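A.B. asks: So here's data-v2.cif (mmCIF, C-alpha atoms).
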```cif
data_run
loop_
_atom_site.label_atom_id
_atom_site.label_comp_id
_atom_site.auth_asym_id
_atom_site.auth_seq_id
_atom_site.Cartn_x
_atom_site.Cartn_y
_atom_site.Cartn_z
CA MET A 1 158.54 213.27 100.77
CA LYS A 2 160.86 210.25 100.96
CA THR A 3 162.70 211.74 103.95
CA LEU A 4 159.45 212.45 105.78
CA HIS A 5 158.27 208.89 105.07
CA SER A 6 161.53 207.47 106.41
CA TYR A 7 161.61 209.55 109.60
CA TRP A 8 157.91 209.06 110.35
CA ALA A 9 158.54 205.30 110.09
CA TYR A 10 160.69 205.46 113.25
CA ILE A 11 157.79 207.03 115.12
CA VAL A 12 155.36 204.43 113.77
CA LEU A 13 157.61 201.53 114.72
CA ALA A 14 158.26 202.84 118.22
CA ILE A 15 154.56 203.38 118.94
CA LEU A 16 153.49 200.10 117.36
CA ILE A 17 156.10 198.09 119.26
CA TYR A 18 155.06 199.83 122.47
CA ALA A 19 151.37 199.09 121.78
CA VAL A 20 152.04 195.40 121.08
CA VAL A 21 154.27 194.96 124.14
CA ASN A 22 151.70 196.80 126.28
CA ALA A 23 148.93 194.52 124.98
CA VAL A 24 150.93 191.35 125.63
CA ILE A 25 151.82 192.51 129.15
CA GLY A 26 148.20 193.51 129.82
CA LEU A 27 147.00 190.13 128.60
CA THR A 28 149.54 188.00 130.48
CA GLN A 29 149.30 189.96 133.73
CA LYS A 30 145.50 190.19 133.49
CA LYS A 31 145.51 193.98 133.86
CA GLU A 32 142.48 196.22 133.57
CA PHE A 33 142.15 197.92 130.17
CA THR A 34 142.46 201.62 130.95
CA HIS A 35 142.09 204.89 129.10
CA LYS A 36 145.90 204.87 128.64
CA ASP A 37 145.68 201.56 126.76
CA PHE A 38 142.83 202.93 124.65
CA ARG A 39 144.85 206.04 123.74
CA LEU A 40 147.95 203.99 122.93
CA GLY A 41 145.98 201.84 120.50
CA LEU A 42 144.39 204.91 118.96
CA PHE A 43 147.73 206.68 118.62
CA ALA A 44 149.18 203.61 116.87
CA LEU A 45 146.20 203.61 114.52
CA ILE A 46 146.56 207.32 113.73
CA THR A 47 150.33 207.27 113.18
CA THR A 48 150.11 204.29 110.84
CA HIS A 49 147.37 205.92 108.81
CA ILE A 50 149.42 209.11 108.51
CA GLN A 51 152.35 206.97 107.38
CA LEU A 52 150.09 205.36 104.78
CA LEU A 53 149.13 208.76 103.37
CA ILE A 54 152.74 209.93 103.26
CA GLY A 55 153.79 206.62 101.72
CA LEU A 56 151.14 206.71 99.02
CA GLY A 57 152.13 210.27 98.16
CA TRP A 58 155.77 209.24 97.87
CA TYR A 59 154.98 206.01 96.01
CA PHE A 60 153.20 207.69 93.11
CA MET A 61 156.10 210.13 92.71
CA SER A 62 158.81 207.48 93.12
CA PRO A 63 161.07 206.07 90.42
CA TRP A 64 159.89 202.55 91.34
CA PHE A 65 156.30 203.32 90.40
CA LYS A 66 157.46 204.89 87.13
CA ALA A 67 159.62 201.84 86.41
CA LEU A 68 156.72 199.51 87.21
CA LYS A 69 154.46 201.39 84.81
CA ALA A 70 157.11 201.51 82.07
CA ASN A 71 158.35 197.93 82.28
CA GLY A 72 156.67 195.82 84.93
CA GLY A 73 158.26 192.59 83.79
CA GLU A 74 161.78 193.84 84.39
CA VAL A 75 160.86 195.22 87.81
CA MET A 76 159.37 191.89 88.84
CA LYS A 77 162.55 190.03 87.83
CA GLU A 78 164.79 192.08 90.11
CA SER A 79 164.17 191.38 93.80
CA SER A 80 165.27 194.78 95.16
CA ALA A 81 163.13 196.68 92.65
CA ARG A 82 160.19 194.34 93.28
CA LEU A 83 160.49 194.93 97.03
CA LEU A 84 160.22 198.70 96.60
CA ALA A 85 157.66 198.73 93.80
CA VAL A 86 155.30 195.95 94.90
CA GLU A 87 156.05 194.03 98.09
CA HIS A 88 156.66 196.92 100.50
CA PRO A 89 153.57 198.95 99.51
CA LEU A 90 151.30 195.89 99.46
CA MET A 91 152.45 194.54 102.83
CA MET A 92 152.18 197.96 104.46
CA ILE A 93 148.60 198.34 103.23
CA ILE A 94 147.74 194.86 104.54
CA ALA A 95 149.38 195.70 107.88
CA ILE A 96 147.37 198.91 108.20
CA VAL A 97 144.18 197.03 107.35
CA LEU A 98 145.01 194.61 110.21
CA ILE A 99 145.59 197.51 112.60
CA THR A 100 142.28 199.06 111.55
CA MET A 101 140.49 195.74 112.02
CA GLY A 102 142.08 195.30 115.45
CA TRP A 103 140.98 198.78 116.48
CA SER A 104 137.45 198.17 115.28
CA LYS A 105 137.18 194.75 116.92
CA HIS A 106 138.59 195.88 120.27
CA LYS A 107 135.79 198.45 120.63
CA LYS A 108 133.21 195.66 120.53
CA GLN A 109 134.90 193.74 123.34
CA VAL A 110 133.71 194.17 126.92
CA LYS A 111 136.38 192.33 128.92
CA SER A 112 139.85 193.77 129.36
CA GLU A 113 141.41 190.42 128.48
CA SER A 114 139.60 190.38 125.13
CA LYS A 115 140.64 193.95 124.34
CA PHE A 116 144.31 193.23 125.06
CA LYS A 117 144.12 189.96 123.11
CA THR A 118 142.64 191.71 120.08
CA PHE A 119 145.39 194.35 120.11
CA ALA A 120 148.10 191.75 120.66
CA ILE A 121 146.93 189.63 117.71
CA PHE A 122 146.04 192.26 115.11
CA TYR A 123 148.66 194.86 115.97
CA GLY A 124 151.25 192.10 116.47
CA LEU A 125 150.58 190.55 113.06
CA ALA A 126 150.74 193.99 111.48
CA LEU A 127 154.07 194.67 113.19
CA LEU A 128 155.49 191.39 111.84
CA LEU A 129 154.35 192.25 108.30
CA ILE A 130 155.87 195.72 108.57
CA LEU A 131 159.17 194.41 109.85
CA SER A 132 159.30 191.74 107.15
CA ARG A 133 159.03 194.22 104.27
CA ILE A 134 160.92 197.30 105.40
CA PRO A 135 163.58 197.98 102.76
CA TRP A 136 166.36 197.82 105.35
CA ALA A 137 169.18 198.44 102.85
CA ASN A 138 167.59 201.75 101.77
CA TRP A 139 166.42 202.79 105.21
CA ILE A 140 169.37 202.33 107.55
#
```
Have the structure of the file written as structure tokens, please.
C.D. replies:
Amino acid sequence: MKTLHSYWAYIVLAILIYAVVNAVIGLTQKKEFTHKDFRLGLFALITTHIQLLIGLGWYFMSPWFKALKANGGEVMKESSARLLAVEHPLMMIIAIVLITMGWSKHKKQVKSESKFKTFAIFYGLALLLILSRIPWANWI
């Protein structure tokens, strides 16, 4: 499960980065929001939600969750354990909530500029949160 979570993360990051860059380019160059842009945003939404499900499955089987349940105080004192047991899961959930909000809000927009702006803001903030709490030492 951990391996699947790690490899799927590469797919998620690639698609999310592509979606954010596409939204920024669409916004700055005042492009028309097309079906391709719609599908890219949807694909980013779907892949992140799949990653969430895989991650939650792994989390509840992980040694970090067991350590947190057994002795939460000790886990919170050690930064690397706290990252894996608390910070990473919490930030990823917040990031996926932002992506979901961005997807929902973009559907209510009529103008292409507003759609690209919504994706750029919500998906961009989510990408920053994800990048800030990836356990790089364990992942690379």
A.B. asks: Could you check the closest approach to Ile54 (chain A) for each of A:Ser6, A:Ser114, A:Asn71, A:Thr28 and tell me which residue wins, using all atoms listed in the file?
C.D. replies: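 Looking at the shortest contact to Ile54 (chain A), the residue is A:Ser6.
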A.B. asks: Neighbourhood query: residues within 12 Å of (154.3, 193.6, 107.6), file coordinates, counting all atoms listed in the file; return as a PyMOL selection string.
C.D. replies: chain A and resi 13+16+48+87-99+122-135
A.B. asks: Show which residues sit within 12 Å of Val21 (chain A), as a list in words. Count all atoms listed in the file, and ignore same-chain residues fewer than 6 positions away.
C.D. replies: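 Residues near the query, excluding close chain neighbours: Leu13, Ala14, Ile15, Leu27, Thr28, Gln29, Asp37, Leu40, Gly41, Phe116, Lys117, Phe119, Ala120, Ile121, Tyr123, Gly124 and Leu127 of chain A.
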A.B. asks: Between CA of Gly73 (chain A) and CA of Met61 (chain A), what is the distance, to one decimal in Å?
C.D. replies: 19.8 Å
A.B. asks: Hey, what comes out of the PyMOL selection byres ((chain A and resi 75) around 12) on this file? Could you write it as a CSV table (one decimal) with C-alpha atoms, in the coordinates of the input?
C.D. replies:
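Saved the output as selection_27.csv:
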```csv
chain,number,residue,atom,x,y,z
A,63,PRO,CA,161.1,206.1,90.4
A,64,TRP,CA,159.9,202.6,91.3
A,65,PHE,CA,156.3,203.3,90.4
A,66,LYS,CA,157.5,204.9,87.1
A,67,ALA,CA,159.6,201.8,86.4
A,68,LEU,CA,156.7,199.5,87.2
A,69,LYS,CA,154.5,201.4,84.8
A,70,ALA,CA,157.1,201.5,82.1
A,71,ASN,CA,158.4,197.9,82.3
A,72,GLY,CA,156.7,195.8,84.9
A,73,GLY,CA,158.3,192.6,83.8
A,74,GLU,CA,161.8,193.8,84.4
A,76,MET,CA,159.4,191.9,88.8
A,77,LYS,CA,162.6,190.0,87.8
A,78,GLU,CA,164.8,192.1,90.1
A,79,SER,CA,164.2,191.4,93.8
A,80,SER,CA,165.3,194.8,95.2
A,81,ALA,CA,163.1,196.7,92.6
A,82,ARG,CA,160.2,194.3,93.3
A,83,LEU,CA,160.5,194.9,97.0
A,84,LEU,CA,160.2,198.7,96.6
A,85,ALA,CA,157.7,198.7,93.8
A,86,VAL,CA,155.3,196.0,94.9
A,87,GLU,CA,156.0,194.0,98.1
```
A.B. asks: Suppose you want the space between CA of Ser112 (chain A) and CA of Lys31 (chain A); what is it in Å?
C.D. replies: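 Separation between CA of Ser112 (chain A) and CA of Lys31 (chain A): 7.2 Å.
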A.B. asks: Please work out which residues fall within 10 Å of (138.2, 199.5, 117.2), coordinates as given in the file, with all atoms listed in the file counting, and return them as a PDB file with C-alpha atoms, in the coordinates of the input.
C.D. replies:
```
ATOM      1  CA  PHE A  38     142.830 202.930 124.650  1.00  0.00           C
ATOM      2  CA  GLY A  41     145.980 201.840 120.500  1.00  0.00           C
ATOM      3  CA  LEU A  42     144.390 204.910 118.960  1.00  0.00           C
ATOM      4  CA  LEU A  45     146.200 203.610 114.520  1.00  0.00           C
ATOM      5  CA  ILE A  99     145.590 197.510 112.600  1.00  0.00           C
ATOM      6  CA  THR A 100     142.280 199.060 111.550  1.00  0.00           C
ATOM      7  CA  MET A 101     140.490 195.740 112.020  1.00  0.00           C
ATOM      8  CA  GLY A 102     142.080 195.300 115.450  1.00  0.00           C
ATOM      9  CA  TRP A 103     140.980 198.780 116.480  1.00  0.00           C
ATOM     10  CA  SER A 104     137.450 198.170 115.280  1.00  0.00           C
ATOM     11  CA  LYS A 105     137.180 194.750 116.920  1.00  0.00           C
ATOM     12  CA  HIS A 106     138.590 195.880 120.270  1.00  0.00           C
ATOM     13  CA  LYS A 107     135.790 198.450 120.630  1.00  0.00           C
ATOM     14  CA  LYS A 108     133.210 195.660 120.530  1.00  0.00           C
ATOM     15  CA  GLN A 109     134.900 193.740 123.340  1.00  0.00           C
ATOM     16  CA  LYS A 115     140.640 193.950 124.340  1.00  0.00           C
ATOM     17  CA  THR A 118     142.640 191.710 120.080  1.00  0.00           C
ATOM     18  CA  PHE A 119     145.390 194.350 120.110  1.00  0.00           C
TER      19      PHE A 119
END
```
A.B. asks: So how far away is CA of Leu52 (chain A) from CA of Ile25 (chain A), in Å?
C.D. replies: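 Those two atoms sit 27.6 Å apart.
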A.B. asks: Edge lengths and centre in Å to one decimal, as lines of an AutoDock Vina configuration file, is what I'm after for the box along x, y and z that holds all listed atoms of region 103-115 of chain A once 4 Å is added on each side.
C.D. replies:
```
center_x = 137.3
center_y = 194.6
center_z = 122.3
size_x = 16.2
size_y = 16.4
size_z = 22.1
```
A.B. asks: Of the candidates A:Ala137, A:Leu56, A:Val110, A:Ile50, which one gets nearest to Ala9 (chain A) if we count all atoms listed in the file?
C.D. replies: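 With all atoms listed in the file as the atom set, the closest residue is A:Ile50.
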A.B. asks: Output region 23-34 of chain A as a short mmCIF file (atom, residue, chain, number, x, y, z; two decimals), in the frame of the given file, making sure all heavy atoms are there.
C.D. replies:
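File result_35.cif, as written:
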```cif
data_model
loop_
_atom_site.label_atom_id
_atom_site.label_comp_id
_atom_site.auth_asym_id
_atom_site.auth_seq_id
_atom_site.Cartn_x
_atom_site.Cartn_y
_atom_site.Cartn_z
N ALA A 23 150.06 195.45 125.08
CA ALA A 23 148.93 194.52 124.98
C ALA A 23 149.30 193.14 125.50
O ALA A 23 148.51 192.50 126.21
CB ALA A 23 148.45 194.44 123.53
N VAL A 24 150.49 192.67 125.17
CA VAL A 24 150.93 191.35 125.63
C VAL A 24 151.08 191.36 127.15
O VAL A 24 150.64 190.42 127.83
CB VAL A 24 152.24 190.93 124.93
CG1 VAL A 24 152.84 189.69 125.57
CG2 VAL A 24 152.00 190.70 123.44
N ILE A 25 151.67 192.41 127.69
CA ILE A 25 151.82 192.51 129.15
C ILE A 25 150.45 192.60 129.82
O ILE A 25 150.19 191.92 130.82
CB ILE A 25 152.69 193.74 129.52
CG1 ILE A 25 154.13 193.48 129.13
CG2 ILE A 25 152.58 194.05 131.02
CD1 ILE A 25 155.04 194.70 129.24
N GLY A 26 149.55 193.40 129.27
CA GLY A 26 148.20 193.51 129.82
C GLY A 26 147.46 192.19 129.80
O GLY A 26 146.74 191.85 130.74
N LEU A 27 147.66 191.43 128.73
CA LEU A 27 147.00 190.13 128.60
C LEU A 27 147.59 189.11 129.57
O LEU A 27 146.84 188.41 130.26
CB LEU A 27 147.15 189.63 127.15
CG LEU A 27 146.50 188.31 126.79
CD1 LEU A 27 145.00 188.39 126.95
CD2 LEU A 27 146.85 187.93 125.36
N THR A 28 148.91 189.03 129.63
CA THR A 28 149.54 188.00 130.48
C THR A 28 149.40 188.31 131.97
O THR A 28 149.30 187.39 132.78
CB THR A 28 151.03 187.83 130.12
OG1 THR A 28 151.69 189.09 130.24
CG2 THR A 28 151.19 187.28 128.72
N GLN A 29 149.41 189.59 132.32
CA GLN A 29 149.30 189.96 133.73
C GLN A 29 147.86 190.24 134.15
O GLN A 29 147.62 190.69 135.27
CB GLN A 29 150.19 191.16 134.02
CG GLN A 29 151.66 190.84 133.87
CD GLN A 29 152.55 192.02 134.21
OE1 GLN A 29 152.07 193.11 134.54
NE2 GLN A 29 153.85 191.82 134.11
N LYS A 30 146.93 190.02 133.23
CA LYS A 30 145.50 190.19 133.49
C LYS A 30 145.19 191.58 134.07
O LYS A 30 144.46 191.71 135.06
CB LYS A 30 144.97 189.09 134.39
CG LYS A 30 145.19 187.70 133.80
CD LYS A 30 144.33 186.68 134.44
CE LYS A 30 144.60 185.29 133.96
NZ LYS A 30 144.56 185.07 132.56
N LYS A 31 145.74 192.60 133.42
CA LYS A 31 145.51 193.98 133.86
C LYS A 31 144.15 194.47 133.38
O LYS A 31 143.55 193.90 132.48
CB LYS A 31 146.61 194.89 133.31
CG LYS A 31 147.96 194.67 133.90
CD LYS A 31 148.94 195.69 133.40
CE LYS A 31 150.27 195.55 134.13
NZ LYS A 31 151.20 196.61 133.76
N GLU A 32 143.72 195.55 133.99
CA GLU A 32 142.48 196.22 133.57
C GLU A 32 142.80 197.12 132.39
O GLU A 32 143.80 197.83 132.39
CB GLU A 32 141.92 197.04 134.74
CG GLU A 32 140.53 197.57 134.52
CD GLU A 32 139.48 196.48 134.40
OE1 GLU A 32 139.62 195.42 135.05
OE2 GLU A 32 138.51 196.70 133.65
N PHE A 33 141.96 197.08 131.36
CA PHE A 33 142.15 197.92 130.17
C PHE A 33 141.75 199.34 130.54
O PHE A 33 140.59 199.61 130.86
CB PHE A 33 141.28 197.39 129.02
CG PHE A 33 141.60 197.99 127.68
CD1 PHE A 33 142.62 197.47 126.90
CD2 PHE A 33 140.89 199.07 127.20
CE1 PHE A 33 142.91 198.00 125.66
CE2 PHE A 33 141.17 199.62 125.97
CZ PHE A 33 142.19 199.08 125.20
N THR A 34 142.71 200.26 130.50
CA THR A 34 142.46 201.62 130.95
C THR A 34 142.39 202.59 129.77
O THR A 34 142.62 202.20 128.62
CB THR A 34 143.58 202.09 131.91
OG1 THR A 34 144.80 202.15 131.17
CG2 THR A 34 143.72 201.15 133.09
#
```
